[in-house]
file query_1.pdb (PDB, C-alpha atoms)
ATOM      1  CA  MET A1069     -21.257 206.679 223.011
ATOM      2  CA  LEU A1070     -22.036 203.730 225.210
ATOM      3  CA  VAL A1071     -22.307 204.816 228.840
ATOM      4  CA  LEU A1072     -21.951 202.282 231.659
ATOM      5  CA  THR A1073     -22.051 202.767 235.418
ATOM      6  CA  ARG A1074     -19.527 200.724 237.400
ATOM      7  CA  LYS A1075     -18.590 200.385 241.065
ATOM      8  CA  ASN A1076     -15.188 199.765 242.621
ATOM      9  CA  GLY A1077     -13.921 196.377 241.568
ATOM     10  CA  GLU A1078     -16.322 196.048 238.675
ATOM     11  CA  ALA A1079     -15.102 195.743 235.116
ATOM     12  CA  VAL A1080     -15.959 196.358 231.503
ATOM     13  CA  THR A1081     -14.807 194.030 228.771
ATOM     14  CA  VAL A1082     -14.075 195.127 225.222
ATOM     15  CA  GLY A1083     -14.130 192.230 222.810
ATOM     16  CA  ASP A1084     -12.668 189.073 224.267
ATOM     17  CA  GLN A1085      -9.136 190.344 224.924
ATOM     18  CA  ILE A1086      -9.519 193.586 226.825
ATOM     19  CA  ARG A1087     -10.809 194.048 230.342
ATOM     20  CA  ILE A1088     -10.898 197.402 232.115
ATOM     21  CA  ILE A1089     -11.391 197.313 235.873
ATOM     22  CA  VAL A1090     -12.266 200.162 238.216
ATOM     23  CA  LEU A1091      -9.662 199.828 240.968
ATOM     24  CA  ASP A1092     -10.388 202.902 243.011
ATOM     25  CA  VAL A1093     -12.458 206.064 242.955
ATOM     26  CA  LYS A1094     -11.294 209.061 244.944
ATOM     27  CA  GLY A1095     -12.834 212.476 244.467
ATOM     28  CA  ASN A1096     -12.550 213.237 240.753
ATOM     29  CA  GLN A1097      -9.916 210.560 240.113
ATOM     30  CA  VAL A1098     -10.511 207.024 238.952
ATOM     31  CA  ARG A1099      -7.821 204.367 238.953
ATOM     32  CA  LEU A1100      -8.285 201.911 236.134
ATOM     33  CA  GLY A1101      -6.635 198.571 235.575
ATOM     34  CA  VAL A1102      -6.367 197.405 231.994
ATOM     35  CA  GLU A1103      -5.883 193.767 231.106
ATOM     36  CA  ALA A1104      -4.956 193.372 227.468
ATOM     37  CA  PRO A1105      -2.558 191.378 225.274
ATOM     38  CA  SER A1106       0.960 192.289 226.363
ATOM     39  CA  ASP A1107       2.022 193.835 223.084
ATOM     40  CA  MET A1108      -1.027 196.040 222.659
ATOM     41  CA  ARG A1109      -0.229 199.745 222.949
ATOM     42  CA  ILE A1110      -2.282 201.498 225.607
ATOM     43  CA  TYR A1111      -1.843 205.197 226.335
ATOM     44  CA  ARG A1112      -3.382 207.998 228.239
ATOM     45  CA  GLU A1113      -5.221 210.067 225.667
ATOM     46  CA  GLU A1114      -3.135 213.177 226.230
ATOM     47  CA  ILE A1115      -0.020 211.393 224.914
ATOM     48  CA  TYR A1116      -1.752 211.065 221.551
ATOM     49  CA  LEU A1117      -2.821 214.687 221.646
ATOM     50  CA  GLN A1118       0.739 215.782 222.475
ATOM     51  CA  VAL A1119       2.144 213.953 219.473
ATOM     52  CA  GLN A1120      -0.612 215.350 217.274
ATOM     53  CA  GLU A1121       0.144 218.892 218.402
ATOM     54  CA  GLU A1122       3.892 218.369 218.004
ATOM     55  CA  ASN A1123       3.298 217.132 214.448
ATOM     56  CA  ARG A1124       1.354 220.293 213.659
ATOM     57  CA  ARG A1125       4.157 222.410 215.060
ATOM     58  CA  ALA A1126       6.770 220.472 213.094
ATOM     59  CA  ALA A1127       4.897 221.021 209.830
ATOM     60  CA  GLN A1128       5.437 224.796 210.176
ATOM     61  CA  TRP A1129       9.074 225.000 209.210
ATOM     62  CA  ASN A1130      10.873 227.138 206.734
ATOM     63  CA  LEU A1131      13.770 226.476 204.458
ATOM     64  CA  ALA A1132      15.970 229.220 205.892
ATOM     65  CA  ASP A1133      16.001 227.551 209.333
ATOM     66  CA  LEU A1134      16.846 224.182 207.799
ATOM     67  CA  GLU A1135      19.682 225.671 205.754
ATOM     68  CA  ASN A1136      20.939 227.448 208.838
ATOM     69  CA  ALA A1137      20.991 224.156 210.780
ATOM     70  CA  VAL A1138      22.836 222.359 207.984
ATOM     71  CA  HIS A1139      25.334 225.198 207.859
ATOM     72  CA  LYS A1140      25.948 224.853 211.577
ATOM     73  CA  LEU A1141      26.595 221.126 211.166
ATOM     74  CA  ASP A1142      28.983 221.813 208.295
ATOM     75  CA  SER A1143      30.885 224.400 210.253
ATOM     76  CA  HIS A1144      31.440 221.750 212.924
ATOM     77  CA  GLY A1145      33.024 219.583 210.277
ATOM     78  CA  LYS A1146      30.461 216.813 210.282
ATOM     79  CA  ARG A1147      27.863 215.697 207.816
TER      80      ARG A1147
ATOM     81  CA  MET B 330       4.582 211.374 188.450
ATOM     82  CA  GLN B 331       4.753 215.089 189.138
ATOM     83  CA  VAL B 332       4.715 216.151 192.789
ATOM     84  CA  GLU B 333       4.113 219.793 193.569
ATOM     85  CA  THR B 334       5.806 221.168 196.680
ATOM     86  CA  THR B 335       5.646 224.618 198.190
ATOM     87  CA  ARG B 336       9.220 224.643 199.399
ATOM     88  CA  PHE B 337      11.095 222.837 196.660
ATOM     89  CA  GLY B 338       8.992 223.434 193.587
ATOM     90  CA  SER B 339       7.777 220.766 191.202
ATOM     91  CA  LEU B 340       9.461 217.355 191.417
ATOM     92  CA  GLU B 341       9.437 214.389 189.088
ATOM     93  CA  ILE B 342       9.075 211.258 191.236
ATOM     94  CA  GLU B 343       8.962 207.630 190.182
ATOM     95  CA  ASP B 344       5.642 206.040 191.121
ATOM     96  CA  ASP B 345       7.358 203.201 192.983
ATOM     97  CA  LYS B 346       8.981 205.639 195.420
ATOM     98  CA  VAL B 347       5.702 206.576 197.079
ATOM     99  CA  ILE B 348       5.416 205.652 200.749
ATOM    100  CA  SER B 349       2.020 204.613 201.922
ATOM    101  CA  MET B 350       0.917 205.623 205.417
ATOM    102  CA  PRO B 351      -2.550 204.082 205.776
ATOM    103  CA  GLU B 352      -3.044 205.746 209.150
ATOM    104  CA  GLY B 353      -1.309 208.940 208.209
ATOM    105  CA  ILE B 354       0.593 211.216 210.529
ATOM    106  CA  LEU B 355      -1.383 212.150 213.640
ATOM    107  CA  GLY B 356      -3.315 215.338 213.018
ATOM    108  CA  PHE B 357      -3.111 215.134 209.227
ATOM    109  CA  ALA B 358      -5.314 213.474 206.622
ATOM    110  CA  GLU B 359      -2.595 212.847 204.000
ATOM    111  CA  ARG B 360      -1.762 209.200 203.303
ATOM    112  CA  ARG B 361       0.921 209.249 200.599
ATOM    113  CA  PHE B 362       4.406 210.633 201.091
ATOM    114  CA  ILE B 363       7.791 210.668 199.453
ATOM    115  CA  LEU B 364      11.084 210.688 201.318
ATOM    116  CA  LEU B 365      13.734 212.899 199.804
ATOM    117  CA  ASN B 366      17.337 212.937 200.801
ATOM    118  CA  PRO B 367      19.076 215.845 199.103
ATOM    119  CA  PRO B 368      22.860 215.605 199.642
ATOM    120  CA  ASN B 369      23.069 219.206 200.809
ATOM    121  CA  LEU B 370      20.811 218.604 203.817
ATOM    122  CA  GLY B 371      23.284 216.615 205.900
ATOM    123  CA  PRO B 372      21.475 214.284 208.319
ATOM    124  CA  PHE B 373      18.093 215.764 207.475
ATOM    125  CA  CYS B 374      15.629 214.210 205.083
ATOM    126  CA  TRP B 375      12.420 215.616 204.026
ATOM    127  CA  LEU B 376       9.059 213.830 204.050
ATOM    128  CA  GLN B 377       6.718 215.417 201.553
ATOM    129  CA  ALA B 378       3.004 214.752 201.177
ATOM    130  CA  VAL B 379       2.264 213.743 197.599
ATOM    131  CA  ASP B 380      -1.228 215.227 197.624
ATOM    132  CA  ASN B 381      -0.555 218.457 199.501
ATOM    133  CA  PRO B 382       2.256 220.735 198.273
ATOM    134  CA  ASN B 383       2.356 222.588 201.573
ATOM    135  CA  LEU B 384       2.714 219.572 203.878
ATOM    136  CA  ALA B 385       6.283 218.454 204.500
ATOM    137  CA  PHE B 386       8.226 217.359 207.545
ATOM    138  CA  VAL B 387      11.929 217.484 208.203
ATOM    139  CA  VAL B 388      12.943 214.066 209.512
ATOM    140  CA  THR B 389      16.151 212.374 210.525
ATOM    141  CA  ASP B 390      17.093 208.718 210.899
ATOM    142  CA  VAL B 391      17.273 207.758 214.577
ATOM    143  CA  GLU B 392      20.728 206.330 213.751
ATOM    144  CA  ASN B 393      21.985 209.896 213.447
ATOM    145  CA  LEU B 394      21.480 210.427 217.141
ATOM    146  CA  ALA B 395      23.945 209.699 219.877
ATOM    147  CA  TYR B 396      21.065 208.542 222.016
ATOM    148  CA  ASP B 397      20.113 205.008 222.808
ATOM    149  CA  CYS B 398      16.491 204.917 221.868
ATOM    150  CA  SER B 399      15.135 201.445 221.394
ATOM    151  CA  TYR B 400      11.806 200.978 219.740
ATOM    152  CA  LYS B 401      10.033 197.665 219.654
ATOM    153  CA  LEU B 402       7.191 196.833 217.333
ATOM    154  CA  THR B 403       4.072 194.913 218.283
ATOM    155  CA  GLU B 404       2.936 191.920 216.269
ATOM    156  CA  GLU B 405       0.074 193.929 214.863
ATOM    157  CA  GLU B 406       2.478 196.669 213.716
ATOM    158  CA  CYS B 407       4.838 194.182 212.046
ATOM    159  CA  CYS B 408       1.829 192.797 210.245
ATOM    160  CA  ALA B 409       0.554 196.209 209.143
ATOM    161  CA  LEU B 410       4.046 197.095 207.865
ATOM    162  CA  GLU B 411       4.189 193.759 205.993
ATOM    163  CA  LEU B 412       7.493 192.937 207.644
ATOM    164  CA  GLY B 413       9.071 189.607 206.821
ATOM    165  CA  GLU B 414      10.938 187.358 209.277
ATOM    166  CA  ASP B 415      14.126 189.416 209.435
ATOM    167  CA  GLY B 416      12.397 192.560 208.263
ATOM    168  CA  LYS B 417      14.505 195.641 208.658
ATOM    169  CA  VAL B 418      12.872 198.939 209.484
ATOM    170  CA  ILE B 419      13.997 202.526 209.596
ATOM    171  CA  TYR B 420      12.904 204.839 212.386
ATOM    172  CA  LEU B 421      12.528 208.418 211.305
ATOM    173  CA  LEU B 422      12.188 211.167 213.867
ATOM    174  CA  ILE B 423      10.213 214.279 213.078
ATOM    175  CA  VAL B 424      12.369 217.357 213.497
ATOM    176  CA  ASN B 425      10.962 220.553 214.908
ATOM    177  CA  MET B 426      12.928 223.274 213.146
ATOM    178  CA  ALA B 427      13.767 226.560 214.822
ATOM    179  CA  ALA B 428      15.565 229.739 213.903
ATOM    180  CA  GLU B 429      18.226 229.038 216.518
ATOM    181  CA  PRO B 430      19.904 225.664 215.917
ATOM    182  CA  GLN B 431      20.067 224.935 219.648
ATOM    183  CA  ASP B 432      16.261 225.150 219.759
ATOM    184  CA  ILE B 433      15.826 222.432 217.138
ATOM    185  CA  THR B 434      14.267 219.339 218.668
ATOM    186  CA  VAL B 435      13.388 215.821 217.558
ATOM    187  CA  ASN B 436      10.286 213.957 218.617
ATOM    188  CA  LEU B 437      11.265 210.636 220.180
ATOM    189  CA  ARG B 438       7.719 210.018 221.375
ATOM    190  CA  GLY B 439       6.166 209.787 217.923
ATOM    191  CA  PRO B 440       8.700 208.096 215.601
ATOM    192  CA  ILE B 441       7.745 207.116 212.081
ATOM    193  CA  VAL B 442       8.593 203.510 211.392
ATOM    194  CA  LEU B 443       9.225 202.685 207.743
ATOM    195  CA  ASN B 444       9.518 199.352 206.015
ATOM    196  CA  PRO B 445      11.926 200.375 203.242
ATOM    197  CA  ASP B 446      11.197 197.294 201.140
ATOM    198  CA  ARG B 447       7.428 197.651 200.962
ATOM    199  CA  LEU B 448       7.391 201.435 201.486
ATOM    200  CA  ILE B 449       4.761 201.257 204.193
ATOM    201  CA  ALA B 450       5.093 203.527 207.192
ATOM    202  CA  ARG B 451       3.255 204.366 210.370
ATOM    203  CA  GLN B 452       3.676 206.845 213.180
ATOM    204  CA  LEU B 453       4.034 205.153 216.551
ATOM    205  CA  VAL B 454       3.157 206.702 219.889
ATOM    206  CA  MET B 455       5.438 205.738 222.752
ATOM    207  CA  GLU B 456       4.387 206.041 226.382
ATOM    208  CA  GLY B 457       7.083 206.672 228.973
ATOM    209  CA  GLU B 458       9.814 208.995 230.202
ATOM    210  CA  SER B 459      12.504 207.702 227.871
ATOM    211  CA  TYR B 460      10.660 208.986 224.813
ATOM    212  CA  PRO B 461      10.552 212.779 225.149
ATOM    213  CA  LEU B 462       8.459 214.848 222.800
ATOM    214  CA  ARG B 463      11.195 217.450 222.409
ATOM    215  CA  HIS B 464      14.778 216.395 222.602
ATOM    216  CA  PRO B 465      17.451 218.895 221.527
ATOM    217  CA  PHE B 466      18.878 217.769 218.203
ATOM    218  CA  PHE B 467      22.341 219.212 218.553
ATOM    219  CA  GLN B 468      22.819 217.957 222.076
ATOM    220  CA  ILE B 469      21.941 214.366 221.307
ATOM    221  CA  ARG B 470      24.282 214.209 218.357
ATOM    222  CA  GLY B 471      27.094 214.550 220.853
ATOM    223  CA  ASN B 472      30.187 216.770 220.825
TER     224      ASN B 472
END

call {"tool": "encode", "arguments": {"input": "query_1.pdb", "output": "structure tokens"}}
result
Amino acid sequence: MLVLTRKNGEAVTVGDQIRIIVLDVKGNQVRLGVEAPSDMRIYREEIYLQVQEENRRAAQWNLADLENAVHKLDSHGKR
Amino acid sequence: MQVETTRFGSLEIEDDKVISMPEGILGFAERRFILLNPPNLGPFCWLQAVDNPNLAFVVTDVENLAYDCSYKLTEEECCALELGEDGKVIYLLIVNMAAEPQDITVNLRGPIVLNPDRLIARQLVMEGESYPLRHPFFQIRGN
């Protein structure tokens, strides 16, 4: 991993389209500004991890629960 | 081609029905899936990994929800999905099954976008409050 030391107001550039600026440092919190093409998706890492974990949970299903859910829909008269 | 599945046994699938997910589903290594839509499953479809009998997801088309959830693709995503000018896509939500129907949720934060013409799909990750990870399925279908 590349490790860089930056001060308030200093930036790191990634390629020629992404610039990450240190806006503020307070205690153990750092505020970052990210300049990137407007349609590039940028997330906090934990959002990824949440979706990953939710996927794992979703993969653990059983047929009986699915059939039960379908039955409930049917009994409400909708498909 | 023969696809083995833990839940539904052995299935005969035409080769041109295989969906390619070059980046897979987050947390899983599998890259090839088939989408099955048995008539007895109502709004639920079932996304089965071709190369892992045990890996399957229950999914539902976002259109089945009474919830205004707008997804927008980036240029890079349109490109990766090989979408044409007026390319139509399908957004599939992963369903988290539960023993009690009212506990069943859909994941609006990580929809799977599918180009039905080229059979290329990708899981998106959406940042923001309007894309909850667990949204009750029965509630959002209304009445």

call {"tool": "interface_residues", "arguments": {"input": "query_1.pdb", "of": "chain A", "to": "chain B", "cutoff": "7 Å", "atoms": "all atoms listed in the file", "output": "list of chain:residue names"}}
result
A:Asp1107, A:Met1108, A:Tyr1111, A:Tyr1116, A:Val1119, A:Gln1120, A:Asn1123, A:Arg1124, A:Ala1126, A:Ala1127, A:Trp1129, A:Asp1133, A:Leu1134, A:Ala1137, A:Val1138, A:Arg1147

call {"tool": "atom_distance", "arguments": {"input": "query_1.pdb", "atom1": "atom CA of Ala1132 of chain A", "atom2": "atom CA of Trp375 of chain B"}}
result
14.2 Å

call {"tool": "atom_distance", "arguments": {"input": "query_1.pdb", "atom1": "atom CA of Thr334 of chain B", "atom2": "atom CA of Lys346 of chain B"}}
result
15.9 Å

call {"tool": "residues_around", "arguments": {"input": "query_1.pdb", "residues": "segment 411-418 of chain B", "least_positions_apart": "3", "cutoff": "9 Å", "atoms": "only C-alpha atoms", "output": "PyMOL selection string"}}
result
chain B and resi 406-408+442-447+449

call {"tool": "write_last_selection", "arguments": {"input": "query_1.pdb", "atoms": "C-alpha atoms", "output": "short mmCIF file (atom, residue, chain, number, x, y, z; two decimals), in the coordinates of the input"}}
result
data_model
loop_
_atom_site.label_atom_id
_atom_site.label_comp_id
_atom_site.auth_asym_id
_atom_site.auth_seq_id
_atom_site.Cartn_x
_atom_site.Cartn_y
_atom_site.Cartn_z
CA GLU B 406 2.48 196.67 213.72
CA CYS B 407 4.84 194.18 212.05
CA CYS B 408 1.83 192.80 210.24
CA VAL B 442 8.59 203.51 211.39
CA LEU B 443 9.22 202.68 207.74
CA ASN B 444 9.52 199.35 206.02
CA PRO B 445 11.93 200.38 203.24
CA ASP B 446 11.20 197.29 201.14
CA ARG B 447 7.43 197.65 200.96
CA ILE B 449 4.76 201.26 204.19
#

call {"tool": "residues_near_point", "arguments": {"input": "query_1.pdb", "point": "(-6.4, 201.3, 231.0)", "cutoff": "8 Å", "atoms": "all atoms listed in the file", "output": "list in words"}}
result
Ile1088, Leu1100, Gly1101, Val1102, Glu1103, Ile1110, Tyr1111 and Arg1112 of chain A

call {"tool": "residues_near_point", "arguments": {"input": "query_1.pdb", "point": "(-15.9, 199.0, 238.5)", "cutoff": "9 Å", "atoms": "all atoms listed in the file", "output": "JSON, numbers by chain"}}
result
{"A": [1073, 1074, 1075, 1076, 1077, 1078, 1079, 1080, 1088, 1089, 1090, 1091, 1092, 1100]}

call {"tool": "closest_residue", "arguments": {"input": "query_1.pdb", "among": "B:Ala450, B:Tyr420, B:Pro382, B:Leu365", "to": "Ile348 of chain B", "atoms": "only C-alpha atoms"}}
result
B:Ala450

call {"tool": "atom_distance", "arguments": {"input": "query_1.pdb", "atom1": "atom CA of Leu1117 of chain A", "atom2": "atom CA of Pro1105 of chain A"}}
result
23.6 Å

call {"tool": "axis_aligned_box", "arguments": {"input": "query_1.pdb", "around": "segment 391-394 of chain B", "padding_each_side": "6 Å", "output": "AutoDock Vina command-line options"}}
result
--center_x 19.6 --center_y 208.4 --center_z 215.3 --size_x 16.7 --size_y 16.1 --size_z 15.7

call {"tool": "closest_residue", "arguments": {"input": "query_1.pdb", "among": "B:Gln377, B:Ser459, B:Val332, B:Phe466", "to": "Thr389 of chain B", "atoms": "all atoms listed in the file"}}
result
B:Phe466
